[in-house]
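Novice: Data file target23.cif (mmCIF, C-alpha atoms) is appended below.
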data_query
#
loop_
_atom_site.label_atom_id
_atom_site.label_comp_id
_atom_site.auth_asym_id
_atom_site.auth_seq_id
_atom_site.Cartn_x
_atom_site.Cartn_y
_atom_site.Cartn_z
CA MET K 1 57.29 -145.52 138.77
CA THR K 2 55.93 -148.93 139.51
CA VAL K 3 57.06 -150.76 136.41
CA THR K 4 60.36 -152.56 136.68
CA GLU K 5 62.95 -153.13 134.02
CA GLN K 6 62.18 -156.83 134.19
CA GLU K 7 58.52 -156.28 133.52
CA ILE K 8 59.35 -154.31 130.39
CA THR K 9 61.75 -156.99 129.20
CA ASP K 10 59.15 -159.69 129.76
CA TYR K 11 56.48 -157.69 128.00
CA VAL K 12 58.71 -157.13 124.98
CA ALA K 13 59.64 -160.82 124.93
CA ARG K 14 56.00 -161.86 124.89
CA VAL K 15 55.16 -159.37 122.14
CA ARG K 16 58.07 -160.73 120.12
CA ALA K 17 56.95 -164.29 120.74
CA ALA K 18 53.49 -163.43 119.44
CA LEU K 19 55.13 -162.04 116.29
CA ALA K 20 57.35 -165.09 115.88
CA ASP K 21 55.84 -165.96 112.52
CA LEU K 22 57.18 -162.78 110.92
CA PRO K 23 60.57 -162.78 109.24
CA PRO K 24 63.22 -161.93 111.86
CA THR K 25 64.19 -158.64 110.23
CA ARG K 26 60.58 -157.51 110.03
CA ARG K 27 60.01 -158.44 113.63
CA ASP K 28 63.14 -156.66 114.81
CA GLU K 29 62.09 -153.62 112.86
CA LEU K 30 58.68 -153.64 114.51
CA THR K 31 59.98 -154.07 118.03
CA GLU K 32 63.40 -152.44 118.00
CA ASP K 33 62.47 -149.46 120.18
CA LEU K 34 59.49 -151.07 121.85
CA ALA K 35 61.37 -151.32 125.14
CA ASP K 36 62.16 -147.59 125.11
CA HIS K 37 58.61 -146.85 124.23
CA LEU K 38 57.32 -148.99 127.08
CA ALA K 39 59.73 -147.32 129.46
CA GLU K 40 58.20 -144.04 128.39
CA VAL K 41 54.72 -145.36 129.04
CA ALA K 42 55.87 -146.71 132.37
CA ALA K 43 57.43 -143.40 133.39
CA GLU K 44 54.29 -141.38 132.84
CA ALA K 45 51.58 -143.27 134.64
CA ASP K 46 50.91 -145.75 137.39
CA GLY K 47 49.89 -149.37 137.17
CA THR K 48 51.47 -152.33 135.48
CA LEU K 49 52.07 -152.50 131.76
CA VAL K 50 49.42 -155.16 131.35
CA GLU K 51 46.89 -153.00 133.17
CA ARG K 52 47.54 -150.08 130.87
CA LEU K 53 48.30 -151.71 127.55
CA GLY K 54 46.50 -155.02 127.79
CA GLU K 55 48.04 -158.44 127.30
CA PRO K 56 51.22 -158.52 125.21
CA GLU K 57 49.53 -160.84 122.70
CA THR K 58 46.72 -158.33 122.16
CA TYR K 59 49.26 -155.56 121.90
CA ALA K 60 51.16 -157.58 119.32
CA ALA K 61 48.02 -158.20 117.27
CA GLU K 62 47.22 -154.47 117.27
CA LEU K 63 50.79 -153.63 116.39
CA ARG K 64 50.73 -156.13 113.59
CA ALA K 65 47.51 -154.74 112.17
CA ALA K 66 48.61 -151.10 112.44
CA ALA K 67 52.01 -151.76 110.94
CA GLY K 68 50.40 -153.59 108.05
CA ALA K 69 52.28 -156.80 108.72
CA PRO K 70 50.92 -160.00 107.25
CA GLY K 71 49.27 -162.62 109.38
CA GLY K 72 47.16 -161.49 112.28
CA GLY K 73 44.55 -163.67 113.81
CA ARG K 74 45.45 -167.11 115.06
CA ASN K 75 46.16 -168.85 111.81
CA LEU K 76 47.99 -172.14 111.63
CA ASP K 77 51.38 -170.63 110.82
CA GLN K 78 51.22 -168.43 113.84
CA ARG K 79 50.18 -171.23 116.13
CA VAL K 80 53.01 -173.40 114.84
CA ALA K 81 55.38 -170.49 115.27
CA THR K 82 54.33 -169.88 118.88
CA ALA K 83 54.63 -173.59 119.58
CA VAL K 84 58.14 -173.57 118.13
CA VAL K 85 59.03 -170.57 120.25
CA ARG K 86 57.67 -172.27 123.33
CA VAL K 87 59.58 -175.49 122.66
CA ARG K 88 62.73 -173.53 121.98
CA SER K 89 62.51 -171.60 125.24
CA ARG K 90 61.78 -174.83 127.10
CA LEU K 91 64.89 -176.39 125.55
CA ARG K 92 66.89 -173.34 126.48
CA SER K 93 65.85 -173.61 130.12
CA ILE K 94 66.71 -177.32 130.15
CA ASP K 95 70.03 -176.40 128.58
CA THR K 96 70.89 -173.93 131.33
CA ARG K 97 69.62 -176.24 134.05
CA LEU K 98 71.77 -179.18 132.88
CA GLY K 99 74.87 -177.01 132.55
CA PRO K 100 75.98 -176.63 136.20
CA PRO K 101 76.01 -180.38 137.01
CA LEU K 102 78.42 -180.79 134.10
CA GLY K 103 80.52 -177.89 135.30
CA TYR K 104 79.53 -175.52 132.51
CA ALA K 105 77.17 -172.57 132.17
CA THR K 106 74.95 -174.52 129.79
CA ALA K 107 74.84 -178.08 128.55
CA SER K 108 75.39 -176.86 125.00
CA ASP K 109 78.67 -175.23 126.08
CA PHE K 110 79.81 -178.67 127.13
CA LEU K 111 78.51 -180.39 124.01
CA ARG K 112 80.20 -177.84 121.80
CA LEU K 113 83.55 -178.96 123.22
CA LEU K 114 82.80 -182.50 122.08
CA ARG K 115 82.23 -181.51 118.48
CA PRO K 116 85.75 -182.27 117.17
CA GLY K 117 85.44 -185.70 118.78
CA TRP K 118 82.23 -186.25 116.87
CA TRP K 119 83.93 -185.19 113.64
CA VAL K 120 86.61 -187.86 114.10
CA LEU K 121 83.99 -190.47 114.99
CA ARG K 122 81.95 -189.46 111.95
CA GLY K 123 84.95 -190.04 109.68
CA TYR K 124 85.47 -193.47 111.23
CA LEU K 125 81.80 -194.35 110.81
CA ALA K 126 81.88 -193.29 107.17
CA ALA K 127 84.92 -195.53 106.62
CA MET K 128 83.14 -198.42 108.33
CA LEU K 129 80.05 -197.89 106.20
CA VAL K 130 82.20 -198.14 103.07
CA THR K 131 83.82 -201.24 104.60
CA VAL K 132 80.47 -202.93 105.09
CA ILE K 133 79.35 -202.06 101.59
CA SER K 134 82.60 -203.02 99.88
CA THR K 135 83.24 -206.27 101.76
CA GLY K 136 79.65 -207.42 101.73
CA GLY K 137 78.44 -207.58 105.29
CA SER K 138 81.17 -209.35 107.27
CA PHE K 139 83.33 -206.85 109.07
CA GLY K 140 85.26 -206.34 112.27
CA LEU K 141 86.25 -203.13 113.99
CA LEU K 142 88.91 -202.04 111.51
CA PRO K 143 88.04 -200.45 108.20
CA ARG K 144 88.90 -202.41 105.09
CA PHE K 145 88.42 -201.46 101.54
CA GLY K 146 87.39 -204.50 99.55
CA GLY K 147 89.02 -206.62 102.27
CA GLU K 148 92.32 -204.70 102.10
CA LEU K 149 93.42 -203.41 105.49
CA LEU K 150 95.99 -200.89 104.19
CA ALA K 151 93.53 -199.38 101.75
CA GLY K 152 91.06 -199.26 104.59
CA PHE K 153 93.45 -197.28 106.76
CA ILE K 154 94.15 -194.80 103.99
CA MET K 155 90.42 -194.42 103.54
CA LEU K 156 89.97 -193.93 107.29
CA VAL K 157 92.55 -191.14 107.45
CA GLY K 158 91.01 -189.48 104.41
CA PHE K 159 87.49 -189.65 105.78
CA VAL K 160 88.46 -188.38 109.22
CA LEU K 161 90.31 -185.41 107.72
CA ALA K 162 87.39 -184.68 105.40
CA SER K 163 84.94 -184.90 108.29
CA ILE K 164 87.00 -182.46 110.35
CA TRP K 165 87.28 -180.14 107.37
CA ILE K 166 83.50 -180.20 106.87
CA GLY K 167 82.90 -179.74 110.59
CA ARG K 168 85.08 -176.67 110.80
CA ARG K 169 83.36 -175.11 107.82
CA SER K 170 79.79 -176.07 108.66
CA ALA K 171 79.04 -172.51 109.77
CA GLN K 172 79.82 -171.15 106.31
CA LEU K 173 77.92 -173.77 104.38
CA THR K 174 74.84 -172.68 102.49
CA ARG K 175 71.51 -174.31 103.02
CA TRP K 176 71.69 -177.33 100.70
CA PRO K 177 75.20 -178.55 101.51
CA ARG K 178 74.41 -178.12 105.17
CA SER K 179 71.25 -180.24 104.93
CA ALA K 180 73.22 -182.83 103.00
CA VAL K 181 75.80 -183.01 105.80
CA GLN K 182 73.05 -183.30 108.39
CA VAL K 183 71.26 -186.08 106.53
CA GLY K 184 74.57 -187.90 105.99
CA SER K 185 75.42 -187.64 109.68
CA GLY K 186 71.98 -188.97 110.55
CA VAL K 187 72.51 -191.98 108.29
CA LEU K 188 75.87 -192.66 109.96
CA VAL K 189 74.32 -192.46 113.43
CA VAL K 190 71.66 -195.00 112.45
CA PHE K 191 74.34 -197.22 110.92
CA ALA K 192 76.46 -196.94 114.07
CA LEU K 193 73.58 -197.87 116.36
CA SER K 194 72.53 -200.85 114.28
CA SER K 195 76.13 -202.12 114.06
CA LEU K 196 76.49 -201.69 117.79
CA ILE K 197 73.40 -203.77 118.46
CA GLN K 198 74.63 -206.43 116.03
CA ALA K 199 78.07 -206.53 117.65
CA GLU K 200 76.47 -206.74 121.09
CA ASP K 201 74.44 -209.76 120.00
CA ARG K 202 77.48 -211.51 118.58
CA MET K 203 79.53 -210.86 121.72
CA ARG K 204 76.83 -212.07 124.05
CA TYR K 205 76.41 -215.42 122.38
CA GLY K 206 80.12 -215.97 122.72
CA ASP K 207 80.77 -217.02 119.14
CA TYR K 208 81.98 -213.76 117.75
CA GLY K 209 82.31 -213.92 114.01
CA ILE K 210 80.36 -217.17 113.67
CA ASP K 211 76.87 -217.22 112.36
CA PRO K 212 74.78 -218.24 115.38
CA THR K 213 71.79 -219.58 113.45
CA SER K 214 71.51 -223.39 113.63
CA ILE K 215 72.24 -225.62 110.70
CA ASN K 216 69.16 -227.41 109.51
CA GLY K 217 68.78 -230.30 111.95
CA PRO K 218 67.31 -233.48 110.46
CA TYR K 219 64.53 -233.47 113.09
CA ASP K 220 63.60 -229.79 112.75
CA GLN K 221 60.67 -230.72 110.54
CA VAL K 222 59.30 -233.37 112.90
CA ARG K 223 56.06 -232.34 114.52
CA ASP K 224 54.79 -235.65 115.85
CA VAL K 225 55.95 -239.30 116.26
CA PHE K 226 53.91 -242.35 115.32
CA VAL K 227 55.08 -245.74 116.59
CA TYR K 228 53.82 -248.91 114.88
CA ASP K 229 54.25 -252.38 116.27
CA SER K 230 55.27 -255.42 114.22
CA GLU K 231 51.62 -255.95 113.21
CA GLY K 232 51.40 -252.49 111.76
CA ARG K 233 49.19 -251.22 114.53
CA LEU K 234 49.60 -247.74 115.81
CA VAL K 235 51.00 -247.73 119.32
CA GLU K 236 49.41 -245.08 121.41
CA ASN K 237 50.86 -243.44 124.51
CA ALA K 238 54.37 -244.40 123.48
CA ARG K 239 57.36 -242.82 125.16
CA LEU K 240 60.86 -242.53 123.70
CA PHE K 241 64.06 -242.51 125.74
CA ASP K 242 67.70 -242.32 124.82
CA GLN K 243 70.50 -244.49 126.27
CA ASN K 244 70.71 -242.29 129.36
CA GLY K 245 67.06 -242.55 130.16
CA ASP K 246 66.39 -239.00 129.08
CA PRO K 247 63.12 -238.54 127.27
CA ILE K 248 63.45 -237.73 123.60
CA ARG K 249 61.28 -234.81 122.79
CA LEU K 250 60.32 -234.30 119.21
CA GLY K 251 57.72 -232.04 117.77
CA TYR K 252 55.23 -230.22 119.88
CA PRO K 253 51.74 -231.16 121.06
CA ASP K 254 49.58 -228.64 119.32
CA CYS K 255 46.56 -230.81 118.71
CA GLU K 256 43.26 -229.16 119.39
CA GLY K 257 41.39 -230.43 122.41
CA ARG K 258 44.21 -232.50 123.82
CA VAL K 259 46.43 -229.81 125.19
CA ASP K 260 44.99 -229.74 128.69
CA GLU K 261 44.85 -233.44 129.20
CA TYR K 262 48.32 -233.55 130.74
CA GLY K 263 49.74 -230.78 132.83
CA ASN K 264 53.09 -230.47 131.16
CA PRO K 265 52.65 -230.74 127.41
CA LEU K 266 56.21 -232.03 127.04
CA LEU K 267 55.45 -235.07 129.21
CA ARG K 268 52.74 -236.24 126.88
CA PRO K 269 53.25 -239.57 125.18
CA TYR K 270 53.38 -239.99 121.44
CA PRO K 271 51.58 -239.56 119.21
CA TYR K 272 50.29 -236.17 120.13
CA CYS K 273 47.65 -236.36 117.45
CA PRO K 274 46.64 -239.97 116.75
CA ASP K 275 44.06 -238.72 114.28
CA LEU K 276 46.84 -237.51 112.03
CA ALA K 277 48.56 -240.91 111.78
CA PRO K 278 50.16 -241.29 108.37
CA PHE K 279 49.20 -244.97 107.99
CA GLY K 280 45.79 -246.24 108.70
CA PRO K 281 43.14 -247.20 109.25
CA ARG K 282 44.18 -250.54 110.75
CA ALA K 283 43.56 -253.82 109.03
CA PRO K 284 39.95 -255.01 109.63
CA GLY K 285 40.95 -258.09 111.67
CA ALA K 286 43.40 -256.39 113.91
CA PRO K 287 42.24 -255.83 117.46
CA MET K 288 41.92 -252.29 118.57
CA PRO K 289 44.78 -251.33 120.80
CA VAL K 290 43.43 -250.40 124.20
CA PRO K 291 44.28 -246.83 124.93
CA THR K 292 44.78 -247.34 128.67
CA ALA K 293 48.28 -248.81 128.93
CA THR K 294 47.43 -252.47 128.63
CA PRO K 295 50.71 -254.23 129.42
CA MET K 296 51.59 -252.40 132.60
CA PRO K 297 48.52 -252.68 134.85
CA ALA K 298 47.95 -256.38 134.19
CA PRO K 299 50.35 -257.89 136.80
CA THR K 300 49.56 -255.36 139.47
CA ALA K 301 45.85 -255.58 138.95
CA THR K 302 45.37 -259.04 140.46
CA PRO K 303 46.54 -258.47 144.05
CA MET K 304 44.71 -255.24 144.32
CA PRO K 305 41.08 -256.25 143.82
CA THR K 306 40.89 -258.52 146.90
CA PRO K 307 40.36 -255.86 149.53
CA THR K 308 37.98 -253.95 147.37
CA ALA K 309 36.00 -256.97 146.25
CA MET K 310 35.46 -258.52 149.68
CA PRO K 311 33.59 -255.82 151.58
CA GLU K 312 30.33 -256.38 149.80
CA PRO K 313 29.07 -259.49 151.54
CA THR K 314 30.49 -258.63 154.96
CA GLY K 315 29.75 -255.02 154.62
CA THR K 316 26.50 -255.08 156.53
CA ALA K 317 28.20 -256.15 159.73
CA THR K 318 31.42 -254.21 159.61
CA VAL K 319 30.37 -250.92 158.21
CA GLU K 320 28.02 -249.82 160.94
CA PRO K 321 28.81 -251.34 164.34
CA THR K 322 26.75 -248.75 166.20
CA VAL K 323 23.53 -249.67 164.52
CA GLY K 324 23.11 -252.25 167.22
CA PRO K 325 19.51 -253.45 167.56
CA THR K 326 18.67 -253.38 163.87
CA ALA K 327 21.73 -255.45 162.96
CA THR K 328 20.91 -258.43 165.15
CA PRO K 329 19.65 -260.93 162.61
CA THR K 330 22.89 -261.14 160.62
CA GLY K 331 25.46 -259.38 162.70
CA THR K 332 27.37 -262.02 164.58
CA PRO K 333 30.83 -260.48 164.86
CA THR K 334 29.78 -257.28 166.54
CA PRO K 335 29.80 -257.29 170.34
CA THR K 336 27.05 -254.71 170.51
CA ALA K 337 24.63 -257.03 168.75
CA THR K 338 24.60 -259.68 171.44
CA GLY K 339 24.73 -257.42 174.41
CA MET Q 1 30.18 -148.14 114.07
CA ASP Q 2 32.38 -146.75 116.79
CA THR Q 3 35.35 -144.46 116.67
CA THR Q 4 37.80 -147.36 116.72
CA GLN Q 5 36.61 -148.54 113.34
CA LEU Q 6 36.68 -145.05 111.87
CA LEU Q 7 40.15 -144.54 113.28
CA LYS Q 8 41.57 -147.49 111.39
CA GLY Q 9 41.16 -145.69 108.11
CA VAL Q 10 42.44 -142.32 109.19
CA LEU Q 11 45.10 -143.05 111.79
CA ASP Q 12 47.84 -142.49 109.21
CA LEU Q 13 46.46 -139.09 108.44
CA ALA Q 14 46.01 -138.26 112.14
CA VAL Q 15 49.61 -139.23 112.93
CA LEU Q 16 50.96 -137.24 109.98
CA ALA Q 17 48.86 -134.26 111.03
CA VAL Q 18 50.14 -134.39 114.59
CA LEU Q 19 53.70 -134.37 113.31
CA ARG Q 20 53.19 -131.43 110.96
CA GLU Q 21 53.91 -128.76 113.53
CA GLU Q 22 56.38 -130.54 115.74
CA ASP Q 23 58.48 -133.71 115.81
CA GLY Q 24 57.57 -136.18 118.48
CA TYR Q 25 58.42 -139.51 120.08
CA GLY Q 26 56.02 -142.39 120.30
CA TYR Q 27 54.40 -141.76 123.62
CA ASP Q 28 54.32 -138.01 122.96
CA ILE Q 29 52.46 -138.55 119.69
CA LEU Q 30 49.99 -140.83 121.43
CA ARG Q 31 49.35 -138.19 124.06
CA ARG Q 32 48.85 -135.49 121.47
CA LEU Q 33 46.33 -137.61 119.61
CA ARG Q 34 44.42 -138.24 122.82
CA GLU Q 35 44.52 -134.58 123.77
CA ALA Q 36 43.13 -133.77 120.35
CA GLY Q 37 40.11 -135.92 121.15
CA LEU Q 38 41.02 -139.36 119.79
CA GLU Q 39 40.66 -140.97 123.21
CA GLU Q 40 40.23 -144.48 121.94
CA VAL Q 41 43.43 -144.69 119.99
CA GLY Q 42 45.52 -147.63 121.08
CA ASP Q 43 49.14 -147.53 122.08
CA ALA Q 44 50.13 -150.36 119.80
CA SER Q 45 48.17 -148.91 116.89
CA VAL Q 46 50.06 -145.65 117.07
CA TYR Q 47 53.37 -147.40 117.55
CA GLY Q 48 52.67 -149.75 114.64
CA THR Q 49 51.50 -146.90 112.42
CA LEU Q 50 54.71 -145.00 113.12
CA ARG Q 51 56.73 -148.06 112.17
CA ARG Q 52 54.76 -148.50 108.97
CA LEU Q 53 54.99 -144.85 107.94
CA PHE Q 54 58.69 -144.95 108.65
CA ALA Q 55 59.08 -148.11 106.57
CA ALA Q 56 57.12 -146.45 103.77
CA GLY Q 57 59.67 -143.62 103.76
CA LEU Q 58 57.33 -140.90 104.99
CA LEU Q 59 59.10 -140.29 108.29
CA THR Q 60 62.64 -139.86 109.47
CA THR Q 61 63.84 -140.68 112.97
CA TYR Q 62 66.50 -139.44 115.29
CA VAL Q 63 67.37 -140.38 118.81
CA VAL Q 64 67.53 -137.82 121.57
CA PRO Q 65 69.36 -138.87 124.72
CA SER Q 66 67.43 -137.99 127.80
CA GLU Q 67 68.92 -137.24 131.22
CA SER Q 68 66.03 -138.80 133.07
CA GLY Q 69 64.61 -141.98 131.64
CA PRO Q 70 65.14 -143.74 128.35
CA HIS Q 71 66.46 -142.40 125.07
CA ARG Q 72 63.69 -141.09 122.89
CA LYS Q 73 63.27 -141.85 119.26
CA TYR Q 74 61.78 -138.81 117.58
CA TYR Q 75 59.80 -139.04 114.39
CA ALA Q 76 59.75 -136.19 111.87
CA LEU Q 77 57.93 -135.64 108.59
CA ASN Q 78 60.17 -135.62 105.53
CA ALA Q 79 59.27 -134.24 102.11
CA ALA Q 80 57.44 -137.40 101.10
CA GLY Q 81 55.54 -137.33 104.39
CA ARG Q 82 54.46 -133.73 103.85
CA ASP Q 83 53.34 -134.60 100.33
CA GLN Q 84 51.35 -137.52 101.64
CA LEU Q 85 49.80 -135.36 104.34
CA THR Q 86 48.69 -132.79 101.79
CA ARG Q 87 47.18 -135.38 99.47
CA SER Q 88 45.50 -137.40 102.20
CA GLY Q 89 44.28 -134.21 103.83
CA LYS Q 90 42.57 -133.09 100.62
CA LEU Q 91 41.05 -136.51 100.13
CA TRP Q 92 39.75 -136.49 103.68
CA ARG Q 93 38.25 -133.04 103.35
CA SER Q 94 36.37 -133.92 100.18
CA PHE Q 95 35.26 -137.19 101.71
CA ALA Q 96 34.16 -135.45 104.88
CA THR Q 97 32.28 -132.83 102.85
CA THR Q 98 30.53 -135.56 100.91
CA MET Q 99 29.57 -137.31 104.10
CA ASP Q 100 28.40 -134.05 105.66
CA SER Q 101 26.16 -133.17 102.75
CA LEU Q 102 24.89 -136.74 102.63
CA LEU Q 103 23.90 -136.55 106.26
CA ASP Q 104 22.47 -133.02 105.83
CA ASP Q 105 20.32 -134.12 102.87
CA ARG Q 106 18.83 -136.84 104.99
CA GLY Q 107 18.02 -134.22 107.59
CA MET Q 108 20.21 -135.64 110.29
CA ALA Q 109 21.51 -133.35 112.94
CA ALA Q 110 25.25 -133.03 113.16
#
How would this structure read if it were set down as structure tokens?
Specialist:
Amino acid sequence: MTVTEQEITDYVARVRAALADLPPTRRDELTEDLADHLAEVAAEADGTLVERLGEPETYAAELRAAAGAPGGGRNLDQRVATAVVRVRSRLRSIDTRLGPPLGYATASDFLRLLRPGWWVLRGYLAAMLVTVISTGGSFGLLPRFGGELLAGFIMLVGFVLASIWIGRRSAQLTRWPRSAVQVGSGVLVVFALSSLIQAEDRMRYGDYGIDPTSINGPYDQVRDVFVYDSEGRLVENARLFDQNGDPIRLGYPDCEGRVDEYGNPLLRPYPYCPDLAPFGPRAPGAPMPVPTATPMPAPTATPMPTPTAMPEPTGTATVEPTVGPTATPTGTPTPTATG
Amino acid sequence: MDTTQLLKGVLDLAVLAVLREEDGYGYDILRRLREAGLEEVGDASVYGTLRRLFAAGLLTTYVVPSESGPHRKYYALNAAGRDQLTRSGKLWRSFATTMDSLLDDRGMAA
């Protein structure tokens, strides 16, 4: 006998998996003594089960057809059913693998112990949901009913007891009440997570209980600043500073085509968009303001030109002392010219 | 058309016929069918047919403990099963006669 017990068990499991779309009772009925039958087959001949009987899935299809069971072929239901079976067995293996690190045979053994804790938490969450609804959005950590703390506590105790009661009886619930409980629990979990995120935000900004959004500042609407001098002319490239010398930044330079002109957009002078000036055009007689900072360069401009202006006449002699012979007619200062 | 296709229609009758003389367990019935000449009959087909006939109330089962190897589930014909066998048997005979004469008329060798 070359077929092991394990091989038979595996074969039966795969046949059952292939019949997963059948109602459980029908499937059990079809496969109840399959293992015994396979053991019989195994006892009487050599070779593996797959060698003699074919793949379990083929065997299952033949069994299904011969037994007159519905389905057969790879229809959608069956594919979904096999997928479900596969996912379920994957989950089961994850379950058993996660168990030992937690100190239990399976992870679900451990989670099952936490169920009463969840029931209590569920009651609290239900009370908090009622708190939020009845007090209109502003709430702390304690349940209140219409703002009343005592009523809130009574409600909390009631909800927790009810949640425990439901939890202990969930096994006996019929289909609809059970789905209702599951949907309700799902809603509470979503509520809990969203409240947690909200509370986290409020804690982090350090003003717990105070609405963190800014009051409408009077300058929130300002997008650009236009400075006009006493003649009513638009001053370009104006800069604003406060009493401490800090630049006053208002608006934001979002004019097309002018964004790259200055490296840091916040260092740009006002107005960002002269074309959008609210008053204009200027009076006909008024001189055009020169864009390039007229008042500042004027005093510094005079000393500067001298070195740059001079070279032209003397340039022929000083620029190229090595030219030597060709420079002779005009080049007096250079020693090379005479020698 | 090969034997497998023919078998589909008459496997019920074949299984009932095999059980007429003697009760049997699944593998035993399969072996008897093969010994009788139905070589191509599949294991799962016989097993499934037994389950279906049992579900239809034509067979009874009982388990016989075995000293060596697994327990064996024996299948036996009950009254309904014998009835069914008689009726199906008659139907088959008349059908087979019709087919025989049809083939004879066309001058085909048996």
Novice: Give as a list of chain:residue names every residue of chain Q that touches chain K within 6 Å, counting all atoms listed in the file.
Specialist: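 Taken together, these residues fit the definition: Q:Ala44, Q:Ser45, Q:Gly48, Q:Thr49, Q:Arg52, Q:Pro70.
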Novice: Give me, please, the distance in Å between atom CA of Q:Val64 and atom CA of Q:Ile29, quoted to one decimal.
Specialist: 15.2 Å
Novice: Can you tell me which residues surround Q:Val41 at a distance of at most 12 Å, considering all atoms listed in the file, apart from same-chain residues fewer than 4 positions away, and format the answer as a PyMOL selection string?
Specialist: (chain K and resi 53+62+66) or (chain Q and resi 2-8+10-12+14-15+27+29-37+45-49)
Novice: Interatomic distance between atom CA of Q:Thr86 and atom CA of Q:Glu22?
Specialist: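 Computing the Euclidean distance for atom CA of Q:Thr86 and atom CA of Q:Glu22 yields 16.1 Å.
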Novice: List the spatial neighbours of K:Gln6 as a count of residues only - criterion: any atom at most 12 Å away, only C-alpha atoms, same-chain residues fewer than 4 positions off excluded.
Specialist: 10
Novice: For Q:Asp23, which residue among Q:Leu50, Q:Leu58, Q:Arg72, Q:Leu77 is the nearest when counting all atoms listed in the file?
Specialist: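 Going through Q:Leu50, Q:Leu58, Q:Arg72, Q:Leu77 one by one, the smallest distance to Q:Asp23 is for Q:Leu77.
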Novice: Which of these, Q:Ala96, Q:Glu39, Q:Tyr25, Q:Ser88, has the shortest distance to Q:Tyr62 once you count all atoms listed in the file?
Specialist: Q:Tyr25
Novice: To one decimal place, how far is atom CA of K:Phe145 from atom CA of K:Val160 in Å?
Specialist: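 Atom-to-atom, atom CA of K:Phe145 to atom CA of K:Val160, that is 15.2 Å.
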Novice: The PyMOL selection byres ((chain K and resi 141) around 12) on the file shown: which residues, as a PyMOL selection string?
Specialist: chain K and resi 124-125+127-129+131-132+138-140+142-144+149+152-153+156+192+195-196+199+209
Novice: Find the residue from K:Ala277, K:Leu113, K:Met155, K:Val187 that sits nearest to K:Val130; use all atoms listed in the file when measuring.
Specialist: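 Smallest distance to K:Val130 is found for K:Met155.
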Novice: Determine the nearest neighbour of K:Trp119 from the options K:Thr106, K:Ser163, K:Gln172, K:Thr82, counting only C-alpha atoms.
Specialist: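 Closest to K:Trp119 of all the choices is K:Ser163.
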Novice: Taking the file as I've supplied it (selection: the PyMOL selection byres ((chain K and resi 93-96) around 7)), which residues are included? Please answer as an mmCIF file with C-alpha atoms, keeping the file's coordinate frame.
Specialist:
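For reference, result-v7.cif as written:
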data_model
loop_
_atom_site.group_PDB
_atom_site.id
_atom_site.type_symbol
_atom_site.label_atom_id
_atom_site.label_comp_id
_atom_site.auth_asym_id
_atom_site.auth_seq_id
_atom_site.Cartn_x
_atom_site.Cartn_y
_atom_site.Cartn_z
ATOM 1 C CA SER K 89 62.510 -171.600 125.240
ATOM 2 C CA ARG K 90 61.780 -174.830 127.100
ATOM 3 C CA LEU K 91 64.890 -176.390 125.550
ATOM 4 C CA ARG K 92 66.890 -173.340 126.480
ATOM 5 C CA ARG K 97 69.620 -176.240 134.050
ATOM 6 C CA LEU K 98 71.770 -179.180 132.880
ATOM 7 C CA GLY K 99 74.870 -177.010 132.550
ATOM 8 C CA ALA K 105 77.170 -172.570 132.170
ATOM 9 C CA THR K 106 74.950 -174.520 129.790
ATOM 10 C CA ALA K 107 74.840 -178.080 128.550
ATOM 11 C CA SER K 108 75.390 -176.860 125.000
#
Novice: Identify, on the basis of only C-alpha atoms, every residue whose closest approach to stretch 90-94 of chain Q does not exceed 12 Å; exclude the query and any residue fewer than 3 positions from it along the same chain; express the result as a ChimeraX atom specification.
Specialist: /Q:9-14,17,83-87,97-101
